[in-house]
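Q: Structure file structure.txt (compact mmCIF, N, CA, C and O atoms) is given on the next line.
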# COMPACT_ATOMS: atom_id res chain seq x y z
N MET A 109 77.83 -19.52 12.03
CA MET A 109 77.38 -18.37 11.27
C MET A 109 76.66 -18.85 10.01
O MET A 109 76.97 -19.90 9.48
N SER A 110 75.73 -18.04 9.56
CA SER A 110 74.93 -18.45 8.41
C SER A 110 75.00 -17.40 7.31
O SER A 110 75.43 -16.27 7.51
N LEU A 111 74.55 -17.83 6.16
CA LEU A 111 74.58 -17.00 4.96
C LEU A 111 73.22 -17.08 4.29
O LEU A 111 72.65 -18.16 4.16
N GLY A 112 72.70 -15.94 3.89
CA GLY A 112 71.47 -15.90 3.11
C GLY A 112 71.81 -15.53 1.67
O GLY A 112 72.73 -14.74 1.43
N ILE A 113 71.13 -16.12 0.73
CA ILE A 113 71.37 -15.85 -0.68
C ILE A 113 70.10 -15.26 -1.29
O ILE A 113 69.01 -15.80 -1.09
N TYR A 114 70.27 -14.17 -2.01
CA TYR A 114 69.16 -13.52 -2.71
C TYR A 114 69.38 -13.69 -4.20
O TYR A 114 70.46 -13.38 -4.71
N ILE A 115 68.39 -14.18 -4.89
CA ILE A 115 68.44 -14.33 -6.35
C ILE A 115 67.32 -13.49 -6.94
O ILE A 115 66.14 -13.74 -6.69
N GLN A 116 67.72 -12.49 -7.69
CA GLN A 116 66.72 -11.64 -8.34
C GLN A 116 66.22 -12.33 -9.60
O GLN A 116 67.01 -12.84 -10.41
N VAL A 117 64.94 -12.34 -9.76
CA VAL A 117 64.30 -12.83 -10.98
C VAL A 117 63.64 -11.61 -11.61
O VAL A 117 62.57 -11.19 -11.19
N PRO A 118 64.29 -11.02 -12.61
CA PRO A 118 63.87 -9.71 -13.10
C PRO A 118 62.76 -9.73 -14.15
O PRO A 118 62.72 -8.90 -15.04
N PHE A 119 61.87 -10.69 -14.04
CA PHE A 119 60.81 -10.84 -15.05
C PHE A 119 59.45 -10.62 -14.42
O PHE A 119 59.18 -11.08 -13.32
N CYS A 120 58.60 -9.93 -15.15
CA CYS A 120 57.23 -9.67 -14.70
C CYS A 120 56.28 -9.79 -15.89
O CYS A 120 56.69 -9.68 -17.04
N GLN A 121 55.00 -10.01 -15.58
CA GLN A 121 54.00 -10.03 -16.64
C GLN A 121 53.66 -8.61 -17.07
O GLN A 121 53.36 -8.36 -18.22
N THR A 122 53.70 -7.69 -16.10
CA THR A 122 53.51 -6.26 -16.38
C THR A 122 54.46 -5.51 -15.47
O THR A 122 54.85 -6.00 -14.41
N LYS A 123 54.82 -4.31 -15.85
CA LYS A 123 55.70 -3.47 -15.03
C LYS A 123 54.82 -2.53 -14.22
O LYS A 123 54.13 -1.67 -14.77
N CYS A 124 54.84 -2.70 -12.90
CA CYS A 124 54.05 -1.86 -12.01
C CYS A 124 54.69 -0.48 -11.91
O CYS A 124 55.91 -0.36 -11.85
N THR A 125 53.88 0.54 -11.88
CA THR A 125 54.39 1.92 -11.85
C THR A 125 55.15 2.23 -10.56
O THR A 125 56.03 3.07 -10.56
N TYR A 126 54.84 1.55 -9.47
CA TYR A 126 55.47 1.82 -8.19
C TYR A 126 56.73 1.00 -7.95
O TYR A 126 57.44 1.21 -6.97
N CYS A 127 57.04 0.07 -8.82
CA CYS A 127 58.14 -0.87 -8.60
C CYS A 127 59.49 -0.21 -8.85
O CYS A 127 59.71 0.42 -9.88
N ASN A 128 60.41 -0.41 -7.90
CA ASN A 128 61.76 0.12 -8.03
C ASN A 128 62.77 -0.96 -8.41
O ASN A 128 63.96 -0.67 -8.52
N PHE A 129 62.33 -2.20 -8.56
CA PHE A 129 63.24 -3.26 -8.95
C PHE A 129 63.58 -3.15 -10.43
O PHE A 129 62.79 -2.66 -11.24
N HIS A 130 64.76 -3.61 -10.78
CA HIS A 130 65.17 -3.66 -12.18
C HIS A 130 64.52 -4.90 -12.79
O HIS A 130 65.03 -6.02 -12.69
N THR A 131 63.35 -4.70 -13.37
CA THR A 131 62.59 -5.80 -13.95
C THR A 131 62.07 -5.38 -15.31
O THR A 131 62.10 -4.21 -15.67
N GLY A 132 61.57 -6.36 -16.03
CA GLY A 132 60.99 -6.05 -17.32
C GLY A 132 60.06 -7.16 -17.77
O GLY A 132 60.05 -8.26 -17.23
N VAL A 133 59.29 -6.83 -18.77
CA VAL A 133 58.39 -7.79 -19.40
C VAL A 133 59.13 -8.31 -20.62
O VAL A 133 59.45 -7.54 -21.53
N VAL A 134 59.46 -9.58 -20.61
CA VAL A 134 60.22 -10.19 -21.71
C VAL A 134 59.58 -11.51 -22.10
O VAL A 134 58.75 -12.07 -21.38
N SER A 135 60.01 -12.01 -23.21
CA SER A 135 59.55 -13.31 -23.69
C SER A 135 60.02 -14.41 -22.74
O SER A 135 61.13 -14.36 -22.21
N SER A 136 59.18 -15.41 -22.56
CA SER A 136 59.55 -16.53 -21.70
C SER A 136 60.76 -17.30 -22.23
O SER A 136 61.39 -18.06 -21.50
N SER A 137 61.12 -17.07 -23.48
CA SER A 137 62.31 -17.73 -24.03
C SER A 137 63.59 -17.21 -23.37
O SER A 137 64.65 -17.83 -23.50
N ARG A 138 63.51 -16.12 -22.64
CA ARG A 138 64.68 -15.56 -21.94
C ARG A 138 64.87 -16.18 -20.56
O ARG A 138 65.92 -16.00 -19.94
N PHE A 139 63.89 -16.92 -20.07
CA PHE A 139 63.95 -17.46 -18.71
C PHE A 139 65.05 -18.50 -18.54
O PHE A 139 65.82 -18.45 -17.58
N ALA A 140 65.11 -19.49 -19.43
CA ALA A 140 66.11 -20.56 -19.30
C ALA A 140 67.53 -20.03 -19.39
O ALA A 140 68.38 -20.42 -18.56
N PRO A 141 67.87 -19.15 -20.34
CA PRO A 141 69.23 -18.61 -20.36
C PRO A 141 69.57 -17.83 -19.09
O PRO A 141 70.70 -17.88 -18.61
N TYR A 142 68.59 -17.12 -18.54
CA TYR A 142 68.84 -16.38 -17.30
C TYR A 142 69.13 -17.36 -16.16
O TYR A 142 70.09 -17.17 -15.40
N ALA A 143 68.31 -18.39 -16.03
CA ALA A 143 68.51 -19.38 -14.97
C ALA A 143 69.88 -20.04 -15.12
O ALA A 143 70.58 -20.27 -14.12
N ALA A 144 70.29 -20.34 -16.34
CA ALA A 144 71.61 -20.95 -16.57
C ALA A 144 72.73 -19.98 -16.17
O ALA A 144 73.73 -20.39 -15.58
N ALA A 145 72.56 -18.70 -16.47
CA ALA A 145 73.57 -17.71 -16.10
C ALA A 145 73.68 -17.57 -14.58
O ALA A 145 74.79 -17.44 -14.04
N VAL A 146 72.56 -17.63 -13.88
CA VAL A 146 72.58 -17.56 -12.42
C VAL A 146 73.32 -18.77 -11.86
O VAL A 146 74.15 -18.64 -10.95
N GLN A 147 73.07 -19.95 -12.42
CA GLN A 147 73.77 -21.15 -11.97
C GLN A 147 75.28 -21.01 -12.16
O GLN A 147 76.07 -21.36 -11.28
N THR A 148 75.68 -20.48 -13.30
CA THR A 148 77.11 -20.28 -13.57
C THR A 148 77.70 -19.30 -12.57
O THR A 148 78.79 -19.53 -12.03
N GLU A 149 77.00 -18.22 -12.30
CA GLU A 149 77.50 -17.22 -11.36
C GLU A 149 77.64 -17.81 -9.97
O GLU A 149 78.62 -17.54 -9.26
N ILE A 150 76.70 -18.63 -9.56
CA ILE A 150 76.77 -19.28 -8.25
C ILE A 150 78.00 -20.17 -8.19
O ILE A 150 78.81 -20.09 -7.25
N ARG A 151 78.16 -21.02 -9.17
CA ARG A 151 79.28 -21.98 -9.17
C ARG A 151 80.64 -21.31 -9.31
O ARG A 151 81.63 -21.82 -8.80
N GLU A 152 80.68 -20.17 -9.98
CA GLU A 152 81.96 -19.51 -10.24
C GLU A 152 82.17 -18.26 -9.38
O GLU A 152 83.07 -17.47 -9.67
N HIS A 153 81.40 -18.09 -8.33
CA HIS A 153 81.47 -16.83 -7.57
C HIS A 153 82.87 -16.56 -7.03
O HIS A 153 83.35 -15.43 -7.08
N ARG A 154 83.56 -17.56 -6.55
CA ARG A 154 84.90 -17.34 -5.99
C ARG A 154 85.89 -16.87 -7.06
O ARG A 154 86.62 -15.91 -6.85
N SER A 155 85.90 -17.54 -8.20
CA SER A 155 86.85 -17.15 -9.25
C SER A 155 86.50 -15.79 -9.84
O SER A 155 87.40 -15.01 -10.17
N ARG A 156 85.22 -15.48 -9.94
CA ARG A 156 84.82 -14.17 -10.46
C ARG A 156 85.22 -13.06 -9.50
O ARG A 156 85.68 -11.99 -9.92
N LEU A 157 85.04 -13.29 -8.20
CA LEU A 157 85.47 -12.29 -7.23
C LEU A 157 86.98 -12.14 -7.23
O LEU A 157 87.50 -11.02 -7.18
N ALA A 158 87.69 -13.25 -7.30
CA ALA A 158 89.16 -13.20 -7.34
C ALA A 158 89.63 -12.43 -8.57
O ALA A 158 90.56 -11.63 -8.49
N HIS A 159 88.99 -12.66 -9.69
CA HIS A 159 89.35 -11.96 -10.93
C HIS A 159 89.14 -10.44 -10.78
O HIS A 159 89.86 -9.65 -11.39
N ALA A 160 88.18 -10.07 -9.95
CA ALA A 160 87.91 -8.65 -9.70
C ALA A 160 88.78 -8.09 -8.57
O ALA A 160 88.63 -6.94 -8.19
N GLY A 161 89.66 -8.94 -8.03
CA GLY A 161 90.56 -8.48 -6.98
C GLY A 161 89.96 -8.54 -5.59
O GLY A 161 90.47 -7.92 -4.66
N ILE A 162 88.88 -9.29 -5.44
CA ILE A 162 88.21 -9.42 -4.14
C ILE A 162 88.53 -10.78 -3.56
O ILE A 162 88.27 -11.81 -4.19
N SER A 163 89.09 -10.78 -2.37
CA SER A 163 89.45 -12.02 -1.70
C SER A 163 88.51 -12.25 -0.53
O SER A 163 88.41 -11.40 0.36
N LEU A 164 87.84 -13.38 -0.53
CA LEU A 164 86.95 -13.71 0.58
C LEU A 164 87.77 -14.30 1.72
O LEU A 164 88.71 -15.05 1.48
N PRO A 165 87.42 -13.97 2.95
CA PRO A 165 88.14 -14.57 4.08
C PRO A 165 87.88 -16.08 4.13
O PRO A 165 86.85 -16.57 3.66
N ASP A 166 88.82 -16.81 4.70
CA ASP A 166 88.66 -18.27 4.81
C ASP A 166 87.40 -18.65 5.57
O ASP A 166 86.80 -19.68 5.30
N SER A 167 87.00 -17.81 6.52
CA SER A 167 85.81 -18.11 7.31
C SER A 167 84.54 -18.15 6.44
O SER A 167 83.56 -18.78 6.80
N PHE A 168 84.57 -17.47 5.29
CA PHE A 168 83.41 -17.48 4.39
C PHE A 168 83.08 -18.89 3.93
O PHE A 168 81.92 -19.25 3.80
N ALA A 169 84.10 -19.70 3.68
CA ALA A 169 83.89 -21.06 3.20
C ALA A 169 83.19 -21.93 4.23
O ALA A 169 82.63 -22.97 3.89
N LYS A 170 83.22 -21.51 5.49
CA LYS A 170 82.60 -22.29 6.56
C LYS A 170 81.17 -21.87 6.85
O LYS A 170 80.51 -22.48 7.68
N LEU A 171 80.69 -20.84 6.18
CA LEU A 171 79.32 -20.38 6.40
C LEU A 171 78.33 -21.36 5.82
O LEU A 171 78.59 -22.01 4.80
N THR A 172 77.20 -21.48 6.46
CA THR A 172 76.13 -22.38 6.02
C THR A 172 74.97 -21.56 5.48
O THR A 172 74.48 -20.65 6.16
N VAL A 173 74.53 -21.88 4.29
CA VAL A 173 73.36 -21.22 3.71
C VAL A 173 72.12 -21.75 4.41
O VAL A 173 71.85 -22.95 4.38
N ASP A 174 71.38 -20.84 5.04
CA ASP A 174 70.15 -21.25 5.70
C ASP A 174 68.91 -20.56 5.13
O ASP A 174 67.79 -20.84 5.53
N THR A 175 69.14 -19.64 4.17
CA THR A 175 68.03 -18.93 3.56
C THR A 175 68.34 -18.66 2.10
O THR A 175 69.44 -18.23 1.77
N VAL A 176 67.37 -18.94 1.25
CA VAL A 176 67.46 -18.55 -0.16
C VAL A 176 66.17 -17.81 -0.47
O VAL A 176 65.07 -18.33 -0.24
N TYR A 177 66.33 -16.58 -0.96
CA TYR A 177 65.17 -15.75 -1.27
C TYR A 177 65.18 -15.45 -2.76
O TYR A 177 66.18 -15.01 -3.31
N PHE A 178 64.07 -15.74 -3.41
CA PHE A 178 63.87 -15.38 -4.81
C PHE A 178 62.93 -14.18 -4.84
O PHE A 178 61.86 -14.22 -4.26
N GLY A 179 63.33 -13.12 -5.52
CA GLY A 179 62.47 -11.95 -5.57
C GLY A 179 62.89 -10.98 -6.65
O GLY A 179 63.62 -11.32 -7.57
N GLY A 180 62.41 -9.76 -6.51
CA GLY A 180 62.80 -8.71 -7.43
C GLY A 180 62.04 -8.68 -8.73
O GLY A 180 62.41 -7.99 -9.66
N GLY A 181 61.01 -9.43 -8.80
CA GLY A 181 60.18 -9.55 -9.99
C GLY A 181 59.07 -10.53 -9.65
O GLY A 181 58.47 -10.46 -8.58
N THR A 182 58.86 -11.48 -10.54
CA THR A 182 57.85 -12.50 -10.30
C THR A 182 58.49 -13.87 -10.49
O THR A 182 58.42 -14.46 -11.58
N PRO A 183 59.15 -14.40 -9.46
CA PRO A 183 59.84 -15.68 -9.59
C PRO A 183 58.92 -16.83 -10.03
O PRO A 183 59.37 -17.77 -10.67
N SER A 184 57.65 -16.72 -9.72
CA SER A 184 56.72 -17.79 -10.08
C SER A 184 56.52 -17.90 -11.59
O SER A 184 55.93 -18.87 -12.07
N LEU A 185 57.02 -16.93 -12.35
CA LEU A 185 56.95 -17.06 -13.81
C LEU A 185 57.92 -18.13 -14.32
O LEU A 185 57.70 -18.71 -15.38
N LEU A 186 58.98 -18.39 -13.55
CA LEU A 186 59.95 -19.40 -13.97
C LEU A 186 59.38 -20.80 -13.82
O LEU A 186 58.60 -21.08 -12.90
N ASP A 187 59.80 -21.66 -14.69
CA ASP A 187 59.45 -23.07 -14.59
C ASP A 187 60.06 -23.61 -13.29
O ASP A 187 61.19 -23.25 -12.95
N PRO A 188 59.36 -24.48 -12.57
CA PRO A 188 59.94 -25.05 -11.35
C PRO A 188 61.32 -25.69 -11.58
O PRO A 188 62.17 -25.65 -10.70
N ALA A 189 61.54 -26.22 -12.76
CA ALA A 189 62.85 -26.83 -13.06
C ALA A 189 63.96 -25.79 -13.04
O ALA A 189 65.09 -26.09 -12.65
N HIS A 190 63.66 -24.55 -13.46
CA HIS A 190 64.66 -23.49 -13.40
C HIS A 190 65.01 -23.16 -11.95
O HIS A 190 66.19 -23.01 -11.60
N LEU A 191 64.00 -23.05 -11.12
CA LEU A 191 64.24 -22.77 -9.70
C LEU A 191 65.01 -23.91 -9.06
O LEU A 191 65.95 -23.68 -8.29
N GLN A 192 64.64 -25.14 -9.39
CA GLN A 192 65.32 -26.31 -8.84
C GLN A 192 66.79 -26.33 -9.25
O GLN A 192 67.67 -26.62 -8.44
N ALA A 193 67.07 -26.01 -10.50
CA ALA A 193 68.46 -26.00 -10.98
C ALA A 193 69.29 -24.96 -10.24
O ALA A 193 70.47 -25.20 -9.92
N MET A 194 68.71 -23.80 -9.95
CA MET A 194 69.45 -22.78 -9.19
C MET A 194 69.70 -23.24 -7.76
O MET A 194 70.80 -23.06 -7.22
N LEU A 195 68.70 -23.88 -7.15
CA LEU A 195 68.90 -24.42 -5.81
C LEU A 195 69.95 -25.53 -5.82
O LEU A 195 70.76 -25.62 -4.90
N ASP A 196 69.95 -26.35 -6.84
CA ASP A 196 70.96 -27.41 -6.96
C ASP A 196 72.36 -26.82 -7.05
O ASP A 196 73.30 -27.33 -6.45
N ALA A 197 72.51 -25.72 -7.79
CA ALA A 197 73.81 -25.06 -7.90
C ALA A 197 74.26 -24.55 -6.54
O ALA A 197 75.45 -24.64 -6.19
N ILE A 198 73.34 -24.04 -5.75
CA ILE A 198 73.67 -23.59 -4.40
C ILE A 198 74.12 -24.77 -3.55
O ILE A 198 75.13 -24.70 -2.85
N ARG A 199 73.39 -25.87 -3.63
CA ARG A 199 73.74 -27.07 -2.86
C ARG A 199 75.12 -27.61 -3.25
O ARG A 199 75.84 -28.13 -2.41
N GLU A 200 75.47 -27.51 -4.53
CA GLU A 200 76.76 -28.00 -5.01
C GLU A 200 77.92 -27.09 -4.59
O GLU A 200 79.06 -27.54 -4.53
N THR A 201 77.63 -25.82 -4.33
CA THR A 201 78.67 -24.82 -4.13
C THR A 201 78.89 -24.45 -2.66
O THR A 201 79.99 -24.11 -2.27
N PHE A 202 77.84 -24.52 -1.86
CA PHE A 202 77.89 -24.08 -0.47
C PHE A 202 77.46 -25.19 0.46
O PHE A 202 76.81 -26.16 0.05
N PHE A 203 77.80 -25.04 1.73
CA PHE A 203 77.19 -25.88 2.76
C PHE A 203 75.78 -25.36 2.92
O PHE A 203 75.56 -24.15 2.99
N VAL A 204 74.81 -26.24 2.98
CA VAL A 204 73.43 -25.80 3.08
C VAL A 204 72.72 -26.45 4.26
O VAL A 204 73.00 -27.58 4.63
N ALA A 205 71.80 -25.70 4.82
CA ALA A 205 70.96 -26.19 5.92
C ALA A 205 69.50 -26.03 5.52
O ALA A 205 68.65 -25.67 6.32
N ILE A 206 69.23 -26.26 4.23
CA ILE A 206 67.86 -26.18 3.72
C ILE A 206 67.53 -27.47 3.00
O ILE A 206 68.40 -28.13 2.47
N ALA A 207 66.26 -27.82 3.00
CA ALA A 207 65.83 -29.08 2.36
C ALA A 207 65.70 -28.90 0.86
O ALA A 207 65.59 -27.88 0.32
Translate this file's structure into structure tokens.

A:
Amino acid sequence: MSLGIYIQVPFCQTKCTYCNFHTGVVSSSRFAPYAAAVQTEIREHRSRLAHAGISLPDSFAKLTVDTVYFGGGTPSLLDPAHLQAMLDAIRETFFVAIA
């Protein structure tokens, strides 16, 4: 069984009138803290869910990540190092079948 991960990048250069994503136009100085927060959430997902009273089945730990999707804004606004750090956090936390 496989697992896909979606990471929303809520930043845009302009807000399109037709867009339904929770995005905004912000200073690029907000990008690095956001990427760091995503990495923390990835690494701590089990403890955060447990704290909320959600228990993942043991079979979840055996799932392999085969897809990572960045969307919900304009992910290309992020520095490649930010994207790489988020992918590294996924590799450290899950079994992965992606290069």

Q: Quick one: everything within 8 Å of region 193-196 of chain A, counting all atoms listed in the file, minus sequence neighbours fewer than 3 positions away in the same chain. Send it as a VMD selection string.

A: chain A and resid 143 to 144 146 to 148 150 to 151 187 to 190 199 to 202 207

Q: Hey, what does DSSP flag as helix (DSSP H, G or I) within chain A? Can you give it to me as a ChimeraX atom specification?

A: /A:136-151,153-159,166-170,183-185,188-201

Q: What is the atom O of Gly181 (chain A)-atom N of Thr131 (chain A) distance in Å, reported with one decimal?

A: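 Computing the Euclidean distance for atom O of Gly181 (chain A) and atom N of Thr131 (chain A) yields 8.9 Å.
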
Q: What does the distance between atom O of Tyr142 (chain A) and CA of Gln192 (chain A) come to in Å, to one decimal place?

A: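 Result for atom O of Tyr142 (chain A) versus CA of Gln192 (chain A): 12.2 Å, one decimal.
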
Q: One number please: atom O of Phe129 (chain A) to atom O of Ala158 (chain A), in Å, one decimal.

A: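 Distance reported for this atom pair: 29.3 Å.
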
Q: Could you give me the residues within chain A that DSSP places in strand (DSSP E), as a ChimeraX atom specification?

A: /A:110-116,172-179,203-204

Q: Around the point (55.6, -11.3, -14.3) in the file's coordinates, collect all residues with an atom within 8 Å, using only C-alpha atoms, and return them as a list in words.

A: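 Protein and nucleic acid residues near the point are Phe119, Cys120, Gln121, Thr122, Lys123, Val133, Gly181, Thr182, Pro183, Ser184 and Leu185 of chain A.
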
Q: Quick one: of A:Ile115, A:Ile198, A:Met109, A:Leu157, who's nearest to Lys170 (chain A), counting only N, CA, C and O atoms?

A: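 Smallest separation from Lys170 (chain A) among the options: A:Met109.
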
Q: My list of candidates is A:Ile113, A:Pro118, A:Glu149, A:Leu171. Which is closest to Val134 (chain A) when distances are computed with all atoms listed in the file?

A: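 Of all the options, A:Pro118 lies closest to Val134 (chain A).
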
Q: Please determine the residues with any atom at most 10 Å from (74.1, -21.2, 12.4) (coordinates as given in the file, with only C-alpha atoms counting) and report them as a PyMOL selection string.

A: chain A and resi 109-111+171-174+205

Q: For the residues in that selection, give me N, CA, C and O atoms as a compact mmCIF listing (two decimals), in the frame of the given file.

A:
# COMPACT_ATOMS: atom_id res chain seq x y z
N MET A 109 77.83 -19.52 12.03
CA MET A 109 77.38 -18.37 11.27
C MET A 109 76.66 -18.85 10.01
O MET A 109 76.97 -19.90 9.48
N SER A 110 75.73 -18.04 9.56
CA SER A 110 74.93 -18.45 8.41
C SER A 110 75.00 -17.40 7.31
O SER A 110 75.43 -16.27 7.51
N LEU A 111 74.55 -17.83 6.16
CA LEU A 111 74.58 -17.00 4.96
C LEU A 111 73.22 -17.08 4.29
O LEU A 111 72.65 -18.16 4.16
N LEU A 171 80.69 -20.84 6.18
CA LEU A 171 79.32 -20.38 6.40
C LEU A 171 78.33 -21.36 5.82
O LEU A 171 78.59 -22.01 4.80
N THR A 172 77.20 -21.48 6.46
CA THR A 172 76.13 -22.38 6.02
C THR A 172 74.97 -21.56 5.48
O THR A 172 74.48 -20.65 6.16
N VAL A 173 74.53 -21.88 4.29
CA VAL A 173 73.36 -21.22 3.71
C VAL A 173 72.12 -21.75 4.41
O VAL A 173 71.85 -22.95 4.38
N ASP A 174 71.38 -20.84 5.04
CA ASP A 174 70.15 -21.25 5.70
C ASP A 174 68.91 -20.56 5.13
O ASP A 174 67.79 -20.84 5.53
N ALA A 205 71.80 -25.70 4.82
CA ALA A 205 70.96 -26.19 5.92
C ALA A 205 69.50 -26.03 5.52
O ALA A 205 68.65 -25.67 6.32

Q: Using only C-alpha atoms for the distances, tell me which of A:Gly180, A:Pro165, A:Gly112, A:Pro141 is nearest to Asn128 (chain A).

A: A:Gly180

Q: Quick one: region 186-194 of chain A with all heavy atoms, as a short mmCIF file (atom, residue, chain, number, x, y, z; two decimals), in the frame of the given file?

A:
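Wrote it out as selection39.cif, contents follow:
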data_model
loop_
_atom_site.label_atom_id
_atom_site.label_comp_id
_atom_site.auth_asym_id
_atom_site.auth_seq_id
_atom_site.Cartn_x
_atom_site.Cartn_y
_atom_site.Cartn_z
N LEU A 186 58.98 -18.39 -13.55
CA LEU A 186 59.95 -19.40 -13.97
C LEU A 186 59.38 -20.80 -13.82
O LEU A 186 58.60 -21.08 -12.90
CB LEU A 186 61.23 -19.30 -13.14
CG LEU A 186 62.05 -18.03 -13.28
CD1 LEU A 186 63.30 -18.11 -12.41
CD2 LEU A 186 62.42 -17.76 -14.72
N ASP A 187 59.80 -21.66 -14.69
CA ASP A 187 59.45 -23.07 -14.59
C ASP A 187 60.06 -23.61 -13.29
O ASP A 187 61.19 -23.25 -12.95
CB ASP A 187 60.03 -23.80 -15.81
CG ASP A 187 59.57 -25.23 -15.89
OD1 ASP A 187 60.11 -26.06 -15.10
OD2 ASP A 187 58.72 -25.53 -16.72
N PRO A 188 59.36 -24.48 -12.57
CA PRO A 188 59.94 -25.05 -11.35
C PRO A 188 61.32 -25.69 -11.58
O PRO A 188 62.17 -25.65 -10.70
CB PRO A 188 58.91 -26.08 -10.91
CG PRO A 188 57.61 -25.55 -11.44
CD PRO A 188 57.97 -24.92 -12.77
N ALA A 189 61.54 -26.22 -12.76
CA ALA A 189 62.85 -26.83 -13.06
C ALA A 189 63.96 -25.79 -13.04
O ALA A 189 65.09 -26.09 -12.65
CB ALA A 189 62.81 -27.54 -14.41
N HIS A 190 63.66 -24.55 -13.46
CA HIS A 190 64.66 -23.49 -13.40
C HIS A 190 65.01 -23.16 -11.95
O HIS A 190 66.19 -23.01 -11.60
CB HIS A 190 64.15 -22.22 -14.09
CG HIS A 190 63.90 -22.38 -15.54
ND1 HIS A 190 62.86 -21.75 -16.18
CD2 HIS A 190 64.54 -23.10 -16.50
CE1 HIS A 190 62.87 -22.07 -17.46
NE2 HIS A 190 63.88 -22.89 -17.67
N LEU A 191 64.00 -23.05 -11.12
CA LEU A 191 64.24 -22.77 -9.70
C LEU A 191 65.01 -23.91 -9.06
O LEU A 191 65.95 -23.68 -8.29
CB LEU A 191 62.91 -22.54 -8.98
CG LEU A 191 62.08 -21.34 -9.45
CD1 LEU A 191 60.69 -21.36 -8.84
CD2 LEU A 191 62.79 -20.04 -9.14
N GLN A 192 64.64 -25.14 -9.39
CA GLN A 192 65.32 -26.31 -8.84
C GLN A 192 66.79 -26.33 -9.25
O GLN A 192 67.67 -26.62 -8.44
CB GLN A 192 64.64 -27.60 -9.30
CG GLN A 192 65.26 -28.86 -8.72
CD GLN A 192 65.07 -28.94 -7.23
OE1 GLN A 192 63.94 -28.82 -6.74
NE2 GLN A 192 66.14 -29.12 -6.48
N ALA A 193 67.07 -26.01 -10.50
CA ALA A 193 68.46 -26.00 -10.98
C ALA A 193 69.29 -24.96 -10.24
O ALA A 193 70.47 -25.20 -9.92
CB ALA A 193 68.49 -25.76 -12.48
N MET A 194 68.71 -23.80 -9.95
CA MET A 194 69.45 -22.78 -9.19
C MET A 194 69.70 -23.24 -7.76
O MET A 194 70.80 -23.06 -7.22
CB MET A 194 68.70 -21.45 -9.23
CG MET A 194 68.76 -20.79 -10.59
SD MET A 194 68.02 -19.14 -10.63
CE MET A 194 66.34 -19.55 -11.08
#
